[in-house]
$ cat input27.cif   # mmCIF, C-alpha atoms
data_final
#
loop_
_atom_site.label_atom_id
_atom_site.label_comp_id
_atom_site.auth_asym_id
_atom_site.auth_seq_id
_atom_site.Cartn_x
_atom_site.Cartn_y
_atom_site.Cartn_z
CA MET A 180 1.97 -4.94 -7.13
CA PRO A 181 4.86 -4.30 -4.75
CA THR A 182 8.13 -6.16 -5.09
CA THR A 183 10.41 -7.67 -2.47
CA ALA A 184 13.05 -5.02 -3.14
CA ILE A 185 12.47 -2.73 -0.17
CA ARG A 186 14.70 0.33 -0.47
CA ARG A 187 13.15 3.04 1.69
CA PRO A 188 11.59 1.67 4.89
CA VAL A 189 10.00 4.01 7.41
CA VAL A 190 9.25 3.00 10.99
CA ALA A 191 6.44 5.14 12.42
CA GLY A 192 6.51 5.66 16.16
CA ALA A 193 9.54 6.15 18.38
CA GLY A 194 8.35 4.14 21.37
CA THR A 195 10.00 0.95 22.58
CA MET A 196 8.97 -1.16 19.60
CA GLY A 197 9.59 1.45 16.91
CA VAL A 198 13.07 2.27 18.23
CA THR A 199 14.07 -1.39 18.28
CA LEU A 200 12.65 -2.05 14.80
CA ALA A 201 14.51 0.93 13.34
CA ARG A 202 17.74 -0.43 14.83
CA ILE A 203 17.02 -3.94 13.50
CA PHE A 204 16.48 -2.55 9.99
CA ALA A 205 19.74 -0.57 10.24
CA GLN A 206 21.63 -3.62 11.52
CA ALA A 207 20.30 -5.55 8.52
CA GLY A 208 21.82 -2.92 6.21
CA TYR A 209 18.78 -0.80 5.43
CA ALA A 210 18.84 3.00 5.39
CA VAL A 211 15.75 3.48 7.55
CA THR A 212 13.84 6.51 8.74
CA LEU A 213 12.29 6.67 12.20
CA TRP A 214 9.31 9.02 12.17
CA ASN A 215 7.49 10.43 15.19
CA ARG A 216 5.23 13.43 15.83
CA ARG A 217 7.46 14.76 18.62
CA THR A 218 11.12 15.72 18.30
CA SER A 219 11.68 14.97 22.00
CA SER A 220 10.69 11.34 21.38
CA LEU A 221 13.14 11.14 18.48
CA ASP A 222 15.90 12.58 20.66
CA ARG A 223 15.26 9.86 23.27
CA ALA A 224 15.13 7.25 20.50
CA GLN A 225 18.52 8.30 19.17
CA GLU A 226 20.03 8.06 22.67
CA ARG A 227 18.48 4.64 23.24
CA ILE A 228 19.71 3.29 19.91
CA ALA A 229 23.23 4.54 20.64
CA GLY A 230 23.11 2.86 24.04
CA ASP A 231 21.73 -0.41 22.65
CA LEU A 232 24.40 -0.50 19.95
CA ALA A 233 27.14 0.10 22.54
CA VAL A 234 25.87 -2.86 24.60
CA LEU A 235 25.65 -5.08 21.53
CA GLN A 236 29.20 -4.12 20.58
CA GLU A 237 30.50 -4.87 24.10
CA LYS A 238 28.93 -8.33 23.87
CA GLY A 239 30.44 -8.95 20.44
CA LEU A 240 27.03 -9.14 18.75
CA LEU A 241 27.63 -6.64 15.95
CA ASP A 242 29.19 -7.32 12.56
CA GLU A 243 30.13 -3.67 12.11
CA SER A 244 30.69 -0.55 14.19
CA PRO A 245 27.83 1.10 16.07
CA ALA A 246 28.60 4.32 14.19
CA ALA A 247 28.14 2.61 10.80
CA ILE A 248 24.78 1.19 11.88
CA ALA A 249 23.59 4.43 13.49
CA GLN A 250 24.51 6.34 10.34
CA ARG A 251 21.81 4.42 8.45
CA ILE A 252 19.02 5.79 10.69
CA THR A 253 17.40 9.13 9.90
CA TYR A 254 15.04 10.78 12.40
CA THR A 255 12.19 13.06 11.37
CA THR A 256 8.81 14.54 12.29
CA ASP A 257 8.09 15.48 8.68
CA PHE A 258 5.25 13.64 6.92
CA ALA A 259 7.09 14.27 3.64
CA VAL A 260 9.28 11.26 4.47
CA TYR A 261 6.36 9.10 3.34
CA ASP A 262 6.60 10.55 -0.18
CA SER A 263 9.49 8.21 -0.95
CA ALA A 264 8.69 5.34 1.46
CA ASP A 265 8.10 1.96 -0.08
CA PHE A 266 7.58 0.09 3.21
CA VAL A 267 5.98 1.46 6.39
CA VAL A 268 5.87 -0.29 9.76
CA GLU A 269 3.47 1.62 12.00
CA ASN A 270 3.93 1.39 15.80
CA ILE A 271 1.98 4.40 17.05
CA ALA A 272 -0.30 4.62 20.05
CA GLU A 273 -2.43 7.39 18.58
CA ILE A 274 -5.56 6.84 16.52
CA LYS A 275 -4.25 4.67 13.73
CA GLN A 276 -6.95 5.54 11.19
CA ASP A 277 -6.01 9.23 11.36
CA PHE A 278 -2.37 8.35 10.81
CA TYR A 279 -3.15 6.24 7.73
CA ARG A 280 -5.46 8.88 6.25
CA THR A 281 -2.57 11.34 6.50
CA ILE A 282 0.22 9.16 5.13
CA CYS A 283 -1.95 7.89 2.28
CA GLN A 284 -1.81 11.46 0.97
CA HIS A 285 1.96 10.94 0.64
CA VAL A 286 2.83 7.30 -0.10
CA SER A 287 2.72 5.79 -3.55
CA PRO A 288 -0.03 3.24 -4.30
CA GLU A 289 2.68 0.55 -4.45
CA ALA A 290 4.10 1.19 -0.96
CA LEU A 291 3.57 -1.62 1.53
CA LEU A 292 1.83 -0.49 4.70
CA THR A 293 1.84 -2.54 7.89
CA THR A 294 0.58 -2.11 11.42
CA ASN A 295 2.33 -3.62 14.41
CA THR A 296 -0.83 -4.26 16.41
CA SER A 297 -2.02 -7.30 18.26
CA GLY A 298 -5.19 -5.89 19.74
CA LEU A 299 -6.94 -4.10 16.87
CA ARG A 300 -8.55 -5.65 13.81
CA VAL A 301 -6.44 -5.13 10.70
CA SER A 302 -9.60 -4.78 8.60
CA ASP A 303 -10.84 -1.94 10.82
CA ILE A 304 -7.58 -0.02 10.45
CA ALA A 305 -7.54 -0.73 6.69
CA GLN A 306 -10.75 1.27 6.25
CA ALA A 307 -8.56 4.39 6.39
CA VAL A 308 -6.03 3.07 3.86
CA GLU A 309 -6.16 3.87 0.17
CA HIS A 310 -5.37 0.68 -1.75
CA PRO A 311 -6.00 -1.62 1.25
CA GLU A 312 -4.75 -4.59 -0.77
CA ARG A 313 -1.21 -3.48 0.11
CA PHE A 314 -1.94 -3.33 3.88
CA CYS A 315 -1.57 -6.03 6.53
CA GLY A 316 -0.76 -6.61 10.16
CA MET A 317 2.85 -7.38 11.03
CA HIS A 318 2.99 -7.97 14.78
CA PHE A 319 6.48 -8.35 16.21
CA TRP A 320 6.81 -10.08 19.57
CA ASN A 321 8.50 -7.93 22.19
CA PRO A 322 11.41 -7.45 22.38
CA PRO A 323 11.77 -8.02 18.62
CA ASP A 324 15.55 -8.35 18.70
CA LEU A 325 15.35 -11.20 21.23
CA MET A 326 12.05 -12.75 20.10
CA PRO A 327 12.50 -13.27 16.35
CA LEU A 328 8.83 -14.03 15.78
CA VAL A 329 6.47 -12.05 13.55
CA GLU A 330 2.78 -12.69 13.10
CA ILE A 331 1.47 -11.68 9.66
CA THR A 332 -2.25 -10.84 9.79
CA LYS A 333 -4.29 -10.50 6.64
CA GLY A 334 -7.16 -8.05 6.60
CA GLU A 335 -10.32 -8.63 4.58
CA GLN A 336 -8.85 -6.65 1.66
CA SER A 337 -5.14 -7.53 2.02
CA GLY A 338 -3.68 -8.89 -1.19
CA ASP A 339 -2.45 -12.47 -1.19
CA ALA A 340 0.81 -11.53 -2.90
CA VAL A 341 1.61 -9.17 -0.03
CA VAL A 342 1.02 -11.48 2.92
CA ASP A 343 0.99 -15.14 1.92
CA GLY A 344 4.37 -16.69 2.64
CA ARG A 345 3.12 -20.07 1.45
CA LYS A 346 2.93 -18.88 -2.16
CA ALA A 347 5.72 -19.63 -4.61
CA ASN A 348 7.01 -16.05 -4.48
CA GLY A 349 7.03 -16.22 -0.67
CA GLY A 350 4.88 -13.10 -0.30
CA VAL A 351 6.43 -9.66 -0.16
CA ILE A 352 6.32 -9.31 3.63
CA ALA A 353 7.55 -12.84 4.23
CA ALA A 354 10.42 -12.43 1.78
CA LEU A 355 11.56 -9.26 3.50
CA LEU A 356 11.35 -10.77 6.96
CA ARG A 357 13.08 -14.01 6.04
CA GLN A 358 16.20 -11.99 5.30
CA ASN A 359 16.45 -10.96 8.96
CA ILE A 360 13.85 -12.71 11.14
CA ARG A 361 14.01 -16.44 11.73
CA HIS A 362 10.41 -17.29 12.64
CA ILE A 363 7.22 -16.09 10.98
CA LEU A 364 3.63 -17.10 11.76
CA PHE A 365 1.00 -16.89 9.02
#
$ encode --input "input27.cif" --output "structure tokens"
Amino acid sequence: MPTTAIRRPVVAGAGTMGVTLARIFAQAGYAVTLWNRRTSSLDRAQERIAGDLAVLQEKGLLDESPAAIAQRITYTTDFAVYDSADFVVENIAEIKQDFYRTICQHVSPEALLTTNTSGLRVSDIAQAVEHPERFCGMHFWNPPDLMPLVEITKGEQSGDAVVDGRKANGGVIAALLRQNIRHILF
């Protein structure tokens, strides 16, 4: 079973939500990878993150330099990044089942896999996931840096230890989020 010690998070999808989540992970001290199919999307993401960090610095909302935070974000189109991922937050618009079938060829059976969806059934997406007990929904309200609210959605096969923040161990997802997000819905 996964532990709460997340060391290699990957944010999949370099749209509005994915870009902001990668920055939030980096601001929280994580070395995070932002993955996307298209290099042009990653180039725009890098520019947006730099701009967002500059604004946050101007407003006195950063505890460290924008350069130090930006240094913790790696950008890639290579599926091999999932070989070492232990936590994946998916934010893609493409067919999610195809994405999970592909990354499940790379991730370890212990890696936590999450989808940031509010409109699709977690159990339907989980049909494409090997070891679906380590998969759940983790829907961030938008914009996630201003709306510190995350809805954890359990699929039919999601493991209790992964999602249930009411348990004594706090649940893996809940424990990770409590470090950086103030409000969580279960």
$ closest_residue --input "input27.cif" --among "A:Val189, A:Ala224, A:Leu292, A:Val211" --to "Ile304 (chain A)" --atoms "only C-alpha atoms"
A:Leu292
$ residues_around --input "input27.cif" --residues "His310 (chain A)" --least-positions-apart "3" --cutoff "10 Å" --atoms "only C-alpha atoms" --output "ChimeraX atom specification"
/A:283,287-292,305-307,313-314,336-338
$ resolve_selection --input "input27.cif" --expression "the PyMOL selection byres ((chain A and resi 229) around 12)" --output "list in words"
Val198, Thr199, Ala201, Arg202, Asp222, Arg223, Ala224, Gln225, Glu226, Arg227, Ile228, Gly230, Asp231, Leu232, Ala233, Val234, Leu235, Gln236, Ser244, Pro245, Ala246, Ala247, Ile248, Ala249, Gln250 and Ile252 of chain A
$ closest_residue --input "input27.cif" --among "A:Ala193, A:Val329, A:Ile185, A:Leu240" --to "Ser263 (chain A)" --atoms "all atoms listed in the file"
A:Ile185
$ closest_residue --input "input27.cif" --among "A:Arg300, A:Glu312, A:Arg187, A:Asn321" --to "Lys275 (chain A)" --atoms "only C-alpha atoms"
A:Arg300
$ atom_distance --input "input27.cif" --atom1 "CA of Ser220 (chain A)" --atom2 "CA of Ser297 (chain A)"
22.8 Å
$ closest_residue --input "input27.cif" --among "A:Lys333, A:Arg280, A:Lys238, A:His285" --to "Phe258 (chain A)" --atoms "all atoms listed in the file"
A:His285
$ residues_around --input "input27.cif" --residues "Asn215 (chain A)" --least-positions-apart "2" --cutoff "12 Å" --atoms "only C-alpha atoms" --output "PyMOL selection string"
chain A and resi 189-194+197-198+201+212-213+217-225+253-258+260-261+269-273+278
$ atom_distance --input "input27.cif" --atom1 "CA of Ala210 (chain A)" --atom2 "CA of Gly334 (chain A)"
28.3 Å
$ atom_distance --input "input27.cif" --atom1 "CA of Ala264 (chain A)" --atom2 "CA of Gly316 (chain A)"
17.5 Å
$ closest_residue --input "input27.cif" --among "A:Val301, A:Ala259, A:Val308, A:Leu200" --to "Asp277 (chain A)" --atoms "all atoms listed in the file"
A:Val308
$ resolve_selection --input "input27.cif" --expression "the PyMOL selection byres ((chain A and resi 294) around 6)" --output "PyMOL selection string"
chain A and resi 268-269+293+295-296+316-317
$ closest_residue --input "input27.cif" --among "A:Ile203, A:Gln284, A:Cys315, A:Thr195" --to "Val267 (chain A)" --atoms "only C-alpha atoms"
A:Cys315
